[in-house]
Amino acid sequence: MPELNTWFTHPTGDPFSDIGGYVIKTLHQRFPDKDILGLIEYVTKIYVDKWKAKINPFFLNSKVTQPAFNAQKKIEETQKYFAALLNGTEKNDKGFCRITGQETLLFAAGRDNSILSGSSTFVNFHHTFDGGIMLSKEAIIRFHFVPLGCVYLLGKIALIHSNNQEITEFFAQTNCNLNLDAIAKGASEGILRSPCKSPGTALFRFVEKIVLDTKKELGQVIRVHSNNSMTLYHFTNFGASPEVSIYQVPAKVFDFHRAMQTSSLKKDWADFVNSHYRSSEYKKAQYQKETRRYEWEQKGGKGFIEESDYQNWSNPIYDKLIEDRSILRSFMYWSVENKLNFNIVEIYQQYIRNMKKETIAKIQEMAEFILNANDEQGVVKSIKALNNAKSSYLLRRFIINDIVIKYSKENEGILLTVEDYTEYLFPDSSSWQETRDVLLIAIFQKIHERKIKIEKEELITEETE
C-alpha cells in the first residue's frame with residue numbers, strides 16, 4: 001500500500017485545499033494500492049469520461065476543460081502536468097507555500113489549476129510579479145480533487161468548511177462517496193446536485209445531519225463541541241465572471257439549533273420553522289400543523305407537498321439566523337394562534353440576543369400578573385397597549401401604570417425594584433423592543449396554556465419586515 005505524503009491530507013485552514021485533501025484521503029482508503037498519480041488519473045477519467053469535462057466552475061482553461069483537446073489528450077496532458085509537478089521538472093522556485101506553509105519547491109497557480117486565485121496574466125496582482133500564487137505541488141494537486149467533494153447548488157458550486165475538521169471531512173467524504181456510488185450505477189453526469197433552493201437551507205440541512213446523526217459515515221462519532229461554526233462558500237470560477245458568496249452559521253447559532261433538537265423542543269421548533277418555507281411555484285400553499293404538509297385548494301380536491309420536499313425550499317428564518325437578524329417578531333406572530341414552548345424563546349434570547357436570564361424571568365412574572373389581574377377584556381386591552389407601544393417611553397409608561405402601580409395596590413411588596421427596572425428591563429445593552437416582544441410572547445403562551453378564549457383577529461398586526 002503506497003503511503004501518501006501527509007501534506008496531501010493535512011488540514012490547512014484553506015477551504016478548497018482542505019476539501020481536496022479529504023477527498024484524497026477518502027479515495028486512498030477506497031483504493032489503497034494507488035499512489036497519488038494513480039488517484040489523479042482515476043479522478044481525471046471521471047471528469048473527462050463520465051462528466052464530459054464539465055468542471056468549468058472550478059477551473060478555467062485547464063487541461064481537462066480545454067476545448068481544443070479531445071478526451072484522450074485531456075487525460076494525457078493532465079497526467080503529464082501533474083507528473084512534472086511531482087518530479088520537480090515543471091518550472092519552479094524555492095520558498096514557503098502560501099497555503100500549507102511548508103518550505104519546498106513552489107509552482108505558479110492560476111485559474112487553470114486552482115480556485116479563485118487570480119489569473120497569471122495579471123502579474124502585478126501577485127507578489128514580486130510572480131506568474132501566479134506560488135504553491136507547493138501538494139496544494140495544487142489537492143485542488144484537482146475538490147469537484148468530487150462539493151455539490152452543485154443554484155447554478156454555482158457549494159462547499160462547506162468548518163472550524164471542526166471532522167465536520168469538514170464529513171462533508172467532503174459524504175459527497176465523494178455519493179458521487180462514486182452514482183458513477184458506479186451509471187447515474188452520474190456531473191457534480192452532485194443539491195435539492196435545496198437556497199444556500200441558507202443547504203447549510204441548515206447539513207447542520208441537522210451533523211446534530212441528529214450520531215454515527216457518521218466516517219465510522220466514528222463527530223465530536224460536536226460548543227464552538228462549532230460552519231461556512232458555506234457559494235462560488236464559480238467560470239469565464240469572465242468568477243465570484244463567491246459566503247454564508248456562515250456562527251457558533252452561537254449552531255449551539256442554538258442543536259438545542260432545538262432536544263425532545264421537549266423539537267416538535268414546536270419544527271412546526272414554527274416549517275410554517276415559514278417559501279416557494280415561488282406554490283405561492284398559495286399553506287402549512288398545516290396537523291398533517292405537517294403544505295396544502296392548497298385545486299380542482300378535484302387538495303394539492304399537497306410533503307415535508308421531505310418543502311424542507312428544500314428557501315426559509316426566511318434560516319436566512320435571518322445566518323444574517324444575524326432577529327426572529328423574535330416571527331415568534332410573536334406565530335404565538336398569536338399557536339402554542340410554542342417558551343423555552344425556545346428563552347434559549348434564543350440568551351444564546352443569540354444575549355438577553356439576561358434575570359430579564360426573561362422578570363418578564364414572565366409580569367406576564368403572569370397581567371393574566372391574573374385582568375379579565376379577558378383587560379388582557380386584550382393590555383396586549384393592544386403593548387403592541388402599540390412604538391417607543392420606549394410608551395412601554396415604560398405601560399409597565400409603571402398597568403403593572404407596577406396596579407400590583408402595589410393589590411398586593412403587599414413590589415413586583416419590580418429599581419434594579420430590576422434599570423438592570424434587566426431597560427439596560428443600556430438591550431433593546432426595549434425585545435423586552436416588549438418577549439412580554440407579548442409570554443402573555444400569548446400563558447393564554448394558550450390556560451386555554452383562555454379571546455378574540456385574536458387583528459390583535460397583532462404583522463408588519464412587513
# chains A, B, ... in the order shown; residues from 1 in each chain; ligands from 1
>>> select_by_dssp(residues="region 232-448 of chain A", states="strand (DSSP E)", output="PyMOL selection string")
chain A and resi 232-236+243-249+286-288+293-298+301-305
>>> write_last_selection(atoms="N, CA and C atoms", output="PDB file, in the first residue's frame")
ATOM      1  N   LEU A 232     -20.429  28.299   4.342  1.00  0.00           N
ATOM      2  CA  LEU A 232     -20.721  27.792   3.007  1.00  0.00           C
ATOM      3  C   LEU A 232     -20.174  28.787   1.989  1.00  0.00           C
ATOM      4  N   TYR A 233     -19.304  28.302   1.122  1.00  0.00           N
ATOM      5  CA  TYR A 233     -18.767  29.100   0.023  1.00  0.00           C
ATOM      6  C   TYR A 233     -19.562  28.750  -1.232  1.00  0.00           C
ATOM      7  N   HIS A 234     -20.241  29.740  -1.790  1.00  0.00           N
ATOM      8  CA  HIS A 234     -21.068  29.538  -2.978  1.00  0.00           C
ATOM      9  C   HIS A 234     -20.380  30.278  -4.121  1.00  0.00           C
ATOM     10  N   PHE A 235     -19.760  29.543  -5.020  1.00  0.00           N
ATOM     11  CA  PHE A 235     -18.821  30.192  -5.940  1.00  0.00           C
ATOM     12  C   PHE A 235     -18.872  29.612  -7.343  1.00  0.00           C
ATOM     13  N   THR A 236     -18.272  30.359  -8.251  1.00  0.00           N
ATOM     14  CA  THR A 236     -17.956  29.863  -9.585  1.00  0.00           C
ATOM     15  C   THR A 236     -16.651  30.497 -10.033  1.00  0.00           C
ATOM     16  N   GLU A 243     -16.883  34.531  -9.036  1.00  0.00           N
ATOM     17  CA  GLU A 243     -17.412  35.204  -7.849  1.00  0.00           C
ATOM     18  C   GLU A 243     -17.627  34.198  -6.732  1.00  0.00           C
ATOM     19  N   VAL A 244     -17.740  34.711  -5.514  1.00  0.00           N
ATOM     20  CA  VAL A 244     -18.017  33.867  -4.358  1.00  0.00           C
ATOM     21  C   VAL A 244     -18.900  34.632  -3.382  1.00  0.00           C
ATOM     22  N   SER A 245     -19.905  33.956  -2.851  1.00  0.00           N
ATOM     23  CA  SER A 245     -20.729  34.489  -1.770  1.00  0.00           C
ATOM     24  C   SER A 245     -20.503  33.592  -0.557  1.00  0.00           C
ATOM     25  N   ILE A 246     -20.431  34.202   0.612  1.00  0.00           N
ATOM     26  CA  ILE A 246     -20.094  33.456   1.819  1.00  0.00           C
ATOM     27  C   ILE A 246     -21.250  33.537   2.816  1.00  0.00           C
ATOM     28  N   TYR A 247     -21.680  32.378   3.297  1.00  0.00           N
ATOM     29  CA  TYR A 247     -22.757  32.289   4.278  1.00  0.00           C
ATOM     30  C   TYR A 247     -22.229  31.524   5.487  1.00  0.00           C
ATOM     31  N   GLN A 248     -22.493  32.045   6.672  1.00  0.00           N
ATOM     32  CA  GLN A 248     -21.922  31.422   7.865  1.00  0.00           C
ATOM     33  C   GLN A 248     -22.973  31.124   8.924  1.00  0.00           C
ATOM     34  N   VAL A 249     -22.854  29.941   9.509  1.00  0.00           N
ATOM     35  CA  VAL A 249     -23.571  29.606  10.736  1.00  0.00           C
ATOM     36  C   VAL A 249     -22.560  29.752  11.867  1.00  0.00           C
ATOM     37  N   GLN A 286     -50.406  26.612   2.019  1.00  0.00           N
ATOM     38  CA  GLN A 286     -50.383  26.992   3.428  1.00  0.00           C
ATOM     39  C   GLN A 286     -49.968  25.786   4.270  1.00  0.00           C
ATOM     40  N   TYR A 287     -49.173  26.061   5.301  1.00  0.00           N
ATOM     41  CA  TYR A 287     -48.697  24.978   6.164  1.00  0.00           C
ATOM     42  C   TYR A 287     -49.809  24.508   7.089  1.00  0.00           C
ATOM     43  N   GLN A 288     -49.946  23.187   7.204  1.00  0.00           N
ATOM     44  CA  GLN A 288     -50.942  22.581   8.089  1.00  0.00           C
ATOM     45  C   GLN A 288     -50.216  21.778   9.167  1.00  0.00           C
ATOM     46  N   ARG A 293     -47.883  19.171   6.329  1.00  0.00           N
ATOM     47  CA  ARG A 293     -47.759  19.306   4.881  1.00  0.00           C
ATOM     48  C   ARG A 293     -48.159  20.722   4.475  1.00  0.00           C
ATOM     49  N   TYR A 294     -47.728  21.129   3.289  1.00  0.00           N
ATOM     50  CA  TYR A 294     -48.246  22.345   2.673  1.00  0.00           C
ATOM     51  C   TYR A 294     -49.394  21.938   1.761  1.00  0.00           C
ATOM     52  N   GLU A 295     -50.534  22.610   1.922  1.00  0.00           N
ATOM     53  CA  GLU A 295     -51.716  22.237   1.165  1.00  0.00           C
ATOM     54  C   GLU A 295     -52.333  23.455   0.491  1.00  0.00           C
ATOM     55  N   TRP A 296     -53.076  23.207  -0.593  1.00  0.00           N
ATOM     56  CA  TRP A 296     -53.783  24.276  -1.284  1.00  0.00           C
ATOM     57  C   TRP A 296     -54.989  23.665  -2.017  1.00  0.00           C
ATOM     58  N   GLU A 297     -55.954  24.526  -2.240  1.00  0.00           N
ATOM     59  CA  GLU A 297     -57.156  24.087  -2.946  1.00  0.00           C
ATOM     60  C   GLU A 297     -56.914  24.083  -4.447  1.00  0.00           C
ATOM     61  N   GLN A 298     -57.411  23.043  -5.098  1.00  0.00           N
ATOM     62  CA  GLN A 298     -57.305  22.960  -6.543  1.00  0.00           C
ATOM     63  C   GLN A 298     -58.500  22.167  -7.082  1.00  0.00           C
ATOM     64  N   GLY A 301     -59.985  18.665  -5.627  1.00  0.00           N
ATOM     65  CA  GLY A 301     -59.548  18.394  -4.259  1.00  0.00           C
ATOM     66  C   GLY A 301     -58.362  19.234  -3.853  1.00  0.00           C
ATOM     67  N   LYS A 302     -57.643  18.753  -2.844  1.00  0.00           N
ATOM     68  CA  LYS A 302     -56.493  19.482  -2.316  1.00  0.00           C
ATOM     69  C   LYS A 302     -55.184  18.968  -2.905  1.00  0.00           C
ATOM     70  N   GLY A 303     -54.294  19.914  -3.169  1.00  0.00           N
ATOM     71  CA  GLY A 303     -52.932  19.542  -3.516  1.00  0.00           C
ATOM     72  C   GLY A 303     -52.070  19.638  -2.273  1.00  0.00           C
ATOM     73  N   PHE A 304     -51.002  18.888  -2.233  1.00  0.00           N
ATOM     74  CA  PHE A 304     -50.148  18.948  -1.045  1.00  0.00           C
ATOM     75  C   PHE A 304     -48.696  18.619  -1.379  1.00  0.00           C
ATOM     76  N   ILE A 305     -47.806  19.116  -0.523  1.00  0.00           N
ATOM     77  CA  ILE A 305     -46.369  18.866  -0.623  1.00  0.00           C
ATOM     78  C   ILE A 305     -45.909  18.289   0.703  1.00  0.00           C
TER      79      ILE A 305
END
>>> closest_residue(among="A:Leu321, A:Ala389, A:Ile24, A:Leu371", to="Ile403 (chain A)", atoms="only C-alpha atoms")
A:Leu371
>>> closest_residue(among="A:Arg325, A:His28, A:Lys356, A:Lys289", to="Val253 (chain A)", atoms="only C-alpha atoms")
A:Arg325
>>> closest_residue(among="A:Gln311, A:Ser330, A:Ala202, A:Lys252", to="Ala270 (chain A)", atoms="only C-alpha atoms")
A:Gln311
>>> atom_distance(atom1="CA of Asn315 (chain A)", atom2="CA of Arg258 (chain A)")
17.8 Å
>>> closest_residue(among="A:Glu365, A:Asp112, A:Ile454, A:Ile405", to="Lys381 (chain A)", atoms="only C-alpha atoms")
A:Ile454
>>> residues_around(residues="region 410-416 of chain A", least_positions_apart="4", cutoff="10 Å", atoms="only C-alpha atoms", output="number ranges by chain")
A: 362, 365-366, 369, 373, 399-400, 403-406, 420-421, 425
>>> write_last_selection(atoms="C-alpha atoms", output="short mmCIF file (atom, residue, chain, number, x, y, z; two decimals), in the first residue's frame")
data_model
loop_
_atom_site.label_atom_id
_atom_site.label_comp_id
_atom_site.auth_asym_id
_atom_site.auth_seq_id
_atom_site.Cartn_x
_atom_site.Cartn_y
_atom_site.Cartn_z
CA LYS A 362 -38.88 39.16 35.32
CA GLU A 365 -43.51 37.42 36.25
CA MET A 366 -45.07 40.46 34.58
CA PHE A 369 -49.50 39.25 36.76
CA ALA A 373 -55.05 40.75 37.45
CA ILE A 399 -45.12 48.93 32.83
CA ILE A 400 -45.34 51.60 35.51
CA ILE A 403 -48.10 46.65 36.20
CA VAL A 404 -46.09 48.38 38.95
CA ILE A 405 -48.77 50.71 40.35
CA LYS A 406 -51.57 48.19 39.85
CA ASP A 420 -35.00 45.18 38.01
CA TYR A 421 -36.15 48.19 36.02
CA LEU A 425 -35.85 45.51 31.73
#
>>> atom_distance(atom1="CA of Thr435 (chain A)", atom2="CA of Thr359 (chain A)")
8.2 Å
>>> atom_distance(atom1="CA of Phe204 (chain A)", atom2="CA of Ala251 (chain A)")
13.0 Å
>>> residues_around(residues="Ala109 (chain A)", least_positions_apart="5", cutoff="7 Å", atoms="only C-alpha atoms", output="PDB file with C-alpha atoms, in the first residue's frame")
ATOM      1  CA  SER A 114      -6.530  26.454  -8.571  1.00  0.00           C
ATOM      2  CA  GLY A 132       0.514  33.286 -10.079  1.00  0.00           C
ATOM      3  CA  ILE A 133       0.087  32.456  -6.417  1.00  0.00           C
ATOM      4  CA  MET A 134       3.116  30.315  -5.526  1.00  0.00           C
ATOM      5  CA  LEU A 135       2.107  26.965  -4.060  1.00  0.00           C
TER       6      LEU A 135
END
>>> select_by_dssp(residues="region 176-351 of chain A", states="alpha helix (DSSP H)", output="PyMOL selection string")
chain A and resi 176-184+199-212+251-259+266-274+307-310+316-322+328-337+342-351
>>> write_last_selection(atoms="C-alpha atoms", output="mmCIF file, in the first residue's frame")
data_model
loop_
_atom_site.group_PDB
_atom_site.id
_atom_site.type_symbol
_atom_site.label_atom_id
_atom_site.label_comp_id
_atom_site.auth_asym_id
_atom_site.auth_seq_id
_atom_site.Cartn_x
_atom_site.Cartn_y
_atom_site.Cartn_z
ATOM 1 C CA CYS A 176 -17.254 11.970 -2.559
ATOM 2 C CA ASN A 177 -18.927 8.666 -1.656
ATOM 3 C CA LEU A 178 -22.267 9.786 -3.123
ATOM 4 C CA ASN A 179 -20.507 10.801 -6.346
ATOM 5 C CA LEU A 180 -18.653 7.487 -6.573
ATOM 6 C CA ASP A 181 -21.808 5.487 -5.859
ATOM 7 C CA ALA A 182 -23.693 7.374 -8.586
ATOM 8 C CA ILE A 183 -20.817 6.792 -11.019
ATOM 9 C CA ALA A 184 -20.810 3.071 -10.210
ATOM 10 C CA PRO A 199 -27.722 28.445 0.494
ATOM 11 C CA GLY A 200 -29.311 29.032 3.921
ATOM 12 C CA THR A 201 -31.473 25.938 3.638
ATOM 13 C CA ALA A 202 -28.498 23.882 2.429
ATOM 14 C CA LEU A 203 -26.442 24.974 5.433
ATOM 15 C CA PHE A 204 -29.122 24.095 7.975
ATOM 16 C CA ARG A 205 -29.890 20.751 6.340
ATOM 17 C CA PHE A 206 -26.216 19.898 6.816
ATOM 18 C CA VAL A 207 -26.218 21.216 10.411
ATOM 19 C CA GLU A 208 -29.139 18.892 11.161
ATOM 20 C CA LYS A 209 -27.317 15.977 9.577
ATOM 21 C CA ILE A 210 -24.376 16.617 11.898
ATOM 22 C CA VAL A 211 -26.517 17.146 15.014
ATOM 23 C CA LEU A 212 -29.082 14.385 14.526
ATOM 24 C CA ALA A 251 -21.056 29.021 16.853
ATOM 25 C CA LYS A 252 -23.936 30.642 18.763
ATOM 26 C CA VAL A 253 -26.419 29.766 16.001
ATOM 27 C CA PHE A 254 -25.052 26.216 15.743
ATOM 28 C CA ASP A 255 -25.471 25.772 19.519
ATOM 29 C CA PHE A 256 -28.995 27.207 19.403
ATOM 30 C CA HIS A 257 -30.044 24.942 16.536
ATOM 31 C CA ARG A 258 -28.570 21.948 18.334
ATOM 32 C CA ALA A 259 -30.582 22.842 21.453
ATOM 33 C CA LYS A 266 -38.102 19.681 18.634
ATOM 34 C CA LYS A 267 -41.782 19.488 17.584
ATOM 35 C CA ASP A 268 -42.650 23.109 18.435
ATOM 36 C CA TRP A 269 -39.474 24.373 16.743
ATOM 37 C CA ALA A 270 -40.121 22.219 13.660
ATOM 38 C CA ASP A 271 -43.701 23.487 13.315
ATOM 39 C CA PHE A 272 -42.536 27.081 13.658
ATOM 40 C CA VAL A 273 -39.763 26.703 11.067
ATOM 41 C CA ASN A 274 -41.872 24.561 8.728
ATOM 42 C CA GLU A 307 -42.095 17.595 4.434
ATOM 43 C CA SER A 308 -39.244 15.856 2.628
ATOM 44 C CA ASP A 309 -39.874 18.115 -0.384
ATOM 45 C CA TYR A 310 -40.731 21.523 1.098
ATOM 46 C CA PRO A 316 -36.520 33.376 5.912
ATOM 47 C CA ILE A 317 -35.952 32.037 9.447
ATOM 48 C CA TYR A 318 -32.705 30.387 8.340
ATOM 49 C CA ASP A 319 -31.724 33.479 6.354
ATOM 50 C CA LYS A 320 -32.236 35.730 9.397
ATOM 51 C CA LEU A 321 -30.208 33.427 11.651
ATOM 52 C CA ILE A 322 -27.333 33.470 9.154
ATOM 53 C CA LEU A 328 -38.305 37.465 17.707
ATOM 54 C CA ARG A 329 -41.160 39.165 15.850
ATOM 55 C CA SER A 330 -41.673 35.938 13.877
ATOM 56 C CA PHE A 331 -42.007 34.093 17.186
ATOM 57 C CA MET A 332 -44.581 36.661 18.272
ATOM 58 C CA TYR A 333 -46.734 36.439 15.130
ATOM 59 C CA TRP A 334 -46.679 32.640 15.385
ATOM 60 C CA SER A 335 -47.593 32.779 19.099
ATOM 61 C CA VAL A 336 -50.876 34.587 18.472
ATOM 62 C CA GLU A 337 -52.517 31.412 17.143
ATOM 63 C CA PHE A 342 -41.479 29.355 25.811
ATOM 64 C CA ASN A 343 -38.110 27.699 26.472
ATOM 65 C CA ILE A 344 -37.429 28.107 22.750
ATOM 66 C CA VAL A 345 -37.754 31.886 23.047
ATOM 67 C CA GLU A 346 -35.759 31.868 26.273
ATOM 68 C CA ILE A 347 -32.881 29.899 24.739
ATOM 69 C CA TYR A 348 -32.931 32.053 21.602
ATOM 70 C CA GLN A 349 -32.776 35.287 23.590
ATOM 71 C CA GLN A 350 -29.903 34.025 25.721
ATOM 72 C CA TYR A 351 -27.857 32.239 23.022
#
>>> closest_residue(among="A:Glu189, A:Glu358, A:Lys283, A:Leu159", to="Phe58 (chain A)", atoms="only C-alpha atoms")
A:Leu159
>>> residues_around(residues="Gly13 (chain A)", least_positions_apart="2", cutoff="12 Å", atoms="only C-alpha atoms", output="ChimeraX atom specification")
/A:9-11,15-21,98-101,139,161-165,168,231
>>> write_last_selection(atoms="C-alpha atoms", output="PDB file, in the first residue's frame")
ATOM      1  CA  THR A   9      -4.233  15.466   3.516  1.00  0.00           C
ATOM      2  CA  HIS A  10      -3.101  17.600   6.455  1.00  0.00           C
ATOM      3  CA  PRO A  11      -5.634  20.358   7.406  1.00  0.00           C
ATOM      4  CA  PRO A  15     -11.468  25.597   2.482  1.00  0.00           C
ATOM      5  CA  PHE A  16     -10.650  24.420  -1.044  1.00  0.00           C
ATOM      6  CA  SER A  17      -7.381  22.785  -0.039  1.00  0.00           C
ATOM      7  CA  ASP A  18      -8.992  21.018   2.909  1.00  0.00           C
ATOM      8  CA  ILE A  19     -11.885  19.610   0.860  1.00  0.00           C
ATOM      9  CA  GLY A  20      -9.445  18.371  -1.770  1.00  0.00           C
ATOM     10  CA  GLY A  21      -7.275  16.802   0.920  1.00  0.00           C
ATOM     11  CA  ARG A  98       1.116  30.214   0.684  1.00  0.00           C
ATOM     12  CA  ILE A  99      -1.379  27.536   1.798  1.00  0.00           C
ATOM     13  CA  THR A 100       0.487  24.750   3.586  1.00  0.00           C
ATOM     14  CA  GLY A 101       3.323  26.894   4.947  1.00  0.00           C
ATOM     15  CA  ALA A 139      -1.512  22.231  -2.567  1.00  0.00           C
ATOM     16  CA  HIS A 161     -15.976  24.293   5.698  1.00  0.00           C
ATOM     17  CA  SER A 162     -15.896  24.205   9.494  1.00  0.00           C
ATOM     18  CA  ASN A 163     -13.511  25.053  12.305  1.00  0.00           C
ATOM     19  CA  ASN A 164     -14.171  21.461  13.396  1.00  0.00           C
ATOM     20  CA  GLN A 165     -12.134  19.454  10.894  1.00  0.00           C
ATOM     21  CA  THR A 168     -15.309  19.417   7.068  1.00  0.00           C
ATOM     22  CA  THR A 231     -19.173  28.473   6.406  1.00  0.00           C
TER      23      THR A 231
END
>>> residues_around(residues="region 86-97 of chain A", least_positions_apart="4", cutoff="7 Å", atoms="only C-alpha atoms", output="number ranges by chain")
A: 82, 101-107, 134-137
>>> closest_residue(among="A:Ile141, A:His448, A:Pro250, A:Glu306", to="Ala285 (chain A)", atoms="only C-alpha atoms")
A:Glu306
>>> residues_around(residues="Glu138 (chain A)", least_positions_apart="3", cutoff="7 Å", atoms="only C-alpha atoms", output="MDAnalysis selection string")
chainID A and resid 7:8 141:142
